[in-house]
>>> print(open('protein_11.txt').read())   # compact mmCIF, C-alpha atoms
# COMPACT_ATOMS: atom_id res chain seq x y z
CA MET A 1392 -35.87 18.38 31.96
CA GLY A 1393 -32.81 19.39 29.90
CA ASN A 1394 -31.12 22.73 30.15
CA GLY A 1395 -32.36 23.85 26.73
CA LEU A 1396 -28.91 24.97 25.68
CA ALA A 1397 -27.94 22.27 23.19
CA VAL A 1398 -30.25 23.27 20.32
CA GLY A 1399 -29.70 26.93 21.14
CA THR A 1400 -25.94 26.42 20.88
CA ILE A 1401 -26.17 24.38 17.67
CA SER A 1402 -28.45 26.97 16.11
CA GLN A 1403 -25.76 29.60 16.67
CA VAL A 1404 -23.27 27.45 14.74
CA VAL A 1405 -25.50 26.36 11.84
CA GLN A 1406 -25.13 28.72 8.90
CA THR A 1407 -27.97 27.38 6.76
CA ARG A 1408 -30.81 29.88 6.67
CA ARG A 1409 -34.54 29.69 6.08
CA SER A 1410 -34.21 30.52 2.39
CA GLU A 1411 -31.70 27.70 1.89
CA LEU A 1412 -33.98 25.18 3.59
CA ILE A 1413 -36.84 26.29 1.34
CA THR A 1414 -34.57 25.84 -1.69
CA LEU A 1415 -33.46 22.41 -0.44
CA LYS A 1416 -37.10 21.42 0.02
CA LYS A 1417 -37.88 22.43 -3.56
CA ARG A 1418 -34.92 20.46 -4.90
CA VAL A 1419 -35.74 17.26 -3.04
CA SER A 1420 -39.52 17.47 -3.49
CA ARG A 1421 -39.44 17.63 -7.30
CA THR A 1422 -40.28 13.96 -7.70
CA LYS A 1423 -43.45 14.15 -5.56
CA CYS A 1424 -42.06 11.26 -3.50
CA LYS A 1425 -42.61 11.24 0.22
CA THR A 1426 -39.12 9.91 0.86
CA MET A 1427 -35.61 10.84 -0.16
CA ASP A 1428 -32.44 8.79 -0.25
CA ARG A 1429 -29.06 9.92 1.05
CA GLU A 1430 -27.64 10.42 -2.46
CA THR A 1431 -30.45 12.81 -3.40
CA TRP A 1432 -29.93 14.72 -0.16
CA GLU A 1433 -26.17 15.01 -0.66
CA SER A 1434 -26.68 16.17 -4.23
CA ALA A 1435 -29.17 18.84 -3.14
CA GLN A 1436 -26.80 20.14 -0.46
CA GLU A 1437 -23.96 20.32 -2.95
CA ALA A 1438 -26.09 22.12 -5.53
CA ILE A 1439 -26.77 25.04 -3.22
CA ALA A 1440 -23.37 25.00 -1.51
CA ILE A 1441 -24.34 24.10 2.05
CA ASP A 1442 -21.43 24.77 4.41
CA ASP A 1443 -19.31 21.70 5.25
CA SER A 1444 -19.86 22.03 9.00
CA ASP A 1445 -23.64 22.17 8.44
CA ARG A 1446 -23.42 19.13 6.16
CA GLU A 1447 -21.76 17.22 8.97
CA ILE A 1448 -24.60 18.06 11.35
CA PHE A 1449 -27.24 17.33 8.69
CA GLU A 1450 -25.59 13.97 7.96
CA ARG A 1451 -26.08 12.93 11.57
CA LEU A 1452 -29.68 14.09 11.51
CA PHE A 1453 -30.26 12.17 8.27
CA THR A 1454 -29.13 9.02 10.09
CA LEU A 1455 -31.42 9.87 13.02
CA TYR A 1456 -34.45 10.25 10.73
CA ASP A 1457 -33.58 7.10 8.73
CA LYS A 1458 -36.04 4.88 10.60
CA ARG A 1459 -35.31 1.64 8.75
CA GLY A 1460 -31.58 2.00 8.16
CA GLY A 1461 -32.03 2.01 4.38
CA ASP A 1462 -30.49 5.45 3.74
CA GLU A 1463 -33.93 6.96 3.22
CA VAL A 1464 -35.92 9.55 5.19
CA ILE A 1465 -39.43 10.94 5.07
CA ILE A 1466 -38.79 14.36 3.53
CA ARG A 1467 -41.12 16.50 5.58
CA GLU A 1468 -40.14 14.99 8.93
CA PHE A 1469 -36.46 15.44 8.13
CA LEU A 1470 -36.82 19.04 6.95
CA VAL A 1471 -38.80 19.90 10.07
CA GLY A 1472 -35.92 18.47 12.09
CA LEU A 1473 -33.50 20.75 10.26
CA ALA A 1474 -35.73 23.79 10.84
CA THR A 1475 -35.31 23.14 14.56
CA ILE A 1476 -31.62 24.08 14.44
CA THR A 1477 -31.69 27.12 12.16
CA ASN A 1478 -30.32 30.38 13.51
CA ASN A 1479 -33.71 31.98 14.19
CA THR A 1480 -35.93 32.73 17.13
CA ILE A 1481 -37.97 29.81 18.45
CA GLU A 1482 -41.11 31.35 16.95
CA GLU A 1483 -39.42 31.59 13.53
CA ARG A 1484 -38.20 27.99 13.78
CA ILE A 1485 -41.69 26.74 14.57
CA GLN A 1486 -43.19 28.80 11.73
CA LEU A 1487 -40.55 27.49 9.29
CA ALA A 1488 -41.10 23.91 10.45
CA MET A 1489 -44.84 24.19 9.90
CA GLU A 1490 -44.31 25.81 6.52
CA LEU A 1491 -41.90 23.08 5.41
CA TYR A 1492 -44.23 20.36 6.64
CA ASP A 1493 -47.28 21.80 4.88
CA ASP A 1494 -45.44 22.62 1.66
CA CYS A 1495 -44.25 19.03 1.41
CA SER A 1496 -47.83 17.82 1.46
CA SER A 1497 -49.65 17.00 -1.75
CA THR A 1498 -52.67 18.78 -0.26
CA SER A 1499 -50.93 21.94 0.95
CA THR A 1500 -53.51 24.25 2.49
CA ALA A 1501 -51.46 26.77 4.50
CA PHE A 1502 -53.19 25.31 7.57
CA LEU A 1503 -52.16 22.28 9.59
CA SER A 1504 -54.58 19.91 11.25
CA LYS A 1505 -54.16 18.96 14.89
CA THR A 1506 -52.54 15.68 13.78
CA GLU A 1507 -50.12 17.49 11.45
CA THR A 1508 -49.23 20.02 14.15
CA LYS A 1509 -48.48 17.16 16.52
CA ALA A 1510 -46.27 15.53 13.85
CA VAL A 1511 -44.33 18.80 13.43
CA LEU A 1512 -43.77 19.15 17.16
CA ASN A 1513 -42.76 15.48 17.44
CA SER A 1514 -40.14 15.92 14.69
CA MET A 1515 -38.81 19.07 16.31
CA ASN A 1516 -38.67 17.27 19.65
CA LYS A 1517 -36.78 14.38 18.07
CA THR A 1518 -34.05 16.78 16.95
CA CYS A 1519 -33.99 18.48 20.35
CA ASN A 1520 -33.59 15.11 22.06
CA PHE A 1521 -30.75 14.18 19.70
CA PHE A 1522 -28.81 17.24 20.83
CA GLY A 1523 -29.48 16.55 24.49
CA ASP A 1524 -32.51 18.70 25.18
CA THR A 1525 -35.10 16.49 26.81
CA GLN A 1526 -38.76 16.92 27.58
>>> encode(input="protein_11.txt", output="structure tokens")
Amino acid sequence: MGNGLAVGTISQVVQTRRSELITLKKRVSRTKCKTMDRETWESAQEAIAIDDSDREIFERLFTLYDKRGGDEVIIREFLVGLATITNNTIEERIQLAMELYDDCSSTSTAFLSKTETKAVLNSMNKTCNFFGDTQ
């Protein structure tokens, strides 16, 4: 088991807040597509003035979530990964992740199924593993 400090440390450095992630989600979800390319992501970050150091971290996470190497990610999985490193309590991060995941769904219900909850936790775990926190 990892020491649990990597994500905790990164979350103290990341300046992007909950409200900015919600705004980013709205910008990238306008097309009703399930995926987003790197150019769209970079444009959205620029539009709301995401800090350069955060952009560097987000760039690495974009590559992590780019499963096929085609500069494209599944929006809700990626945003959940970003929620994992926001400067919030763990409870607030989980709540934000679930909110982002549900809001990106075409059938948003304010409730997540067992399968959706598992997908949220898997995406959060993927980000934790990337920063060295292991199961």
>>> closest_residue(input="protein_11.txt", among="A:Val1398, A:Leu1487, A:Ile1439, A:Leu1415", to="Phe1521 in chain A", atoms="only C-alpha atoms")
A:Val1398
>>> atom_distance(input="protein_11.txt", atom1="CA of Cys1424 in chain A", atom2="CA of Glu1468 in chain A")
13.1 Å
>>> residues_around(input="protein_11.txt", residues="Ile1448 in chain A", least_positions_apart="5", cutoff="9 Å", atoms="all atoms listed in the file", output="MDAnalysis selection string")
chainID A and resid 1405 1443 1453
>>> atom_distance(input="protein_11.txt", atom1="CA of Lys1417 in chain A", atom2="CA of Asp1442 in chain A")
18.4 Å
>>> atom_distance(input="protein_11.txt", atom1="CA of Ile1465 in chain A", atom2="CA of Asp1445 in chain A")
19.7 Å
>>> residues_around(input="protein_11.txt", residues="range 1506-1511 of chain A", least_positions_apart="5", cutoff="10 Å", atoms="all atoms listed in the file", output="list in words")
Arg1467, Glu1468, Leu1470, Val1471, Gly1472, Ile1485, Ala1488, Met1489, Glu1490, Leu1491, Tyr1492, Asp1493, Asn1516 and Lys1517 of chain A
>>> closest_residue(input="protein_11.txt", among="A:Arg1484, A:Phe1502, A:Asp1524, A:Asn1513", to="Arg1409 in chain A", atoms="all atoms listed in the file")
A:Arg1484
>>> residues_around(input="protein_11.txt", residues="range 1427-1436 of chain A", least_positions_apart="3", cutoff="9 Å", atoms="all atoms listed in the file", output="PDB file with C-alpha atoms, in the frame of the given file")
ATOM      1  CA  THR A1414     -34.570  25.840  -1.690  1.00  0.00           C
ATOM      2  CA  LEU A1415     -33.460  22.410  -0.440  1.00  0.00           C
ATOM      3  CA  LYS A1416     -37.100  21.420   0.020  1.00  0.00           C
ATOM      4  CA  ARG A1418     -34.920  20.460  -4.900  1.00  0.00           C
ATOM      5  CA  VAL A1419     -35.740  17.260  -3.040  1.00  0.00           C
ATOM      6  CA  SER A1420     -39.520  17.470  -3.490  1.00  0.00           C
ATOM      7  CA  CYS A1424     -42.060  11.260  -3.500  1.00  0.00           C
ATOM      8  CA  ILE A1439     -26.770  25.040  -3.220  1.00  0.00           C
ATOM      9  CA  ALA A1440     -23.370  25.000  -1.510  1.00  0.00           C
ATOM     10  CA  ILE A1441     -24.340  24.100   2.050  1.00  0.00           C
ATOM     11  CA  ASP A1442     -21.430  24.770   4.410  1.00  0.00           C
ATOM     12  CA  ARG A1446     -23.420  19.130   6.160  1.00  0.00           C
ATOM     13  CA  GLU A1450     -25.590  13.970   7.960  1.00  0.00           C
ATOM     14  CA  PHE A1453     -30.260  12.170   8.270  1.00  0.00           C
ATOM     15  CA  GLY A1461     -32.030   2.010   4.380  1.00  0.00           C
ATOM     16  CA  ASP A1462     -30.490   5.450   3.740  1.00  0.00           C
ATOM     17  CA  GLU A1463     -33.930   6.960   3.220  1.00  0.00           C
ATOM     18  CA  VAL A1464     -35.920   9.550   5.190  1.00  0.00           C
ATOM     19  CA  ILE A1465     -39.430  10.940   5.070  1.00  0.00           C
ATOM     20  CA  ILE A1466     -38.790  14.360   3.530  1.00  0.00           C
TER      21      ILE A1466
END
>>> residues_near_point(input="protein_11.txt", point="(-27.6, 24.7, 8.8)", cutoff="7 Å", atoms="only C-alpha atoms", output="short mmCIF file (atom, residue, chain, number, x, y, z; two decimals) with C-alpha atoms, in the frame of the given file")
data_model
loop_
_atom_site.label_atom_id
_atom_site.label_comp_id
_atom_site.auth_asym_id
_atom_site.auth_seq_id
_atom_site.Cartn_x
_atom_site.Cartn_y
_atom_site.Cartn_z
CA VAL A 1405 -25.50 26.36 11.84
CA GLN A 1406 -25.13 28.72 8.90
CA THR A 1407 -27.97 27.38 6.76
CA ARG A 1408 -30.81 29.88 6.67
CA ASP A 1445 -23.64 22.17 8.44
CA ILE A 1476 -31.62 24.08 14.44
CA THR A 1477 -31.69 27.12 12.16
#
>>> closest_residue(input="protein_11.txt", among="A:Ser1410, A:Met1515, A:Val1404, A:Gly1523", to="Ile1481 in chain A", atoms="all atoms listed in the file")
A:Met1515
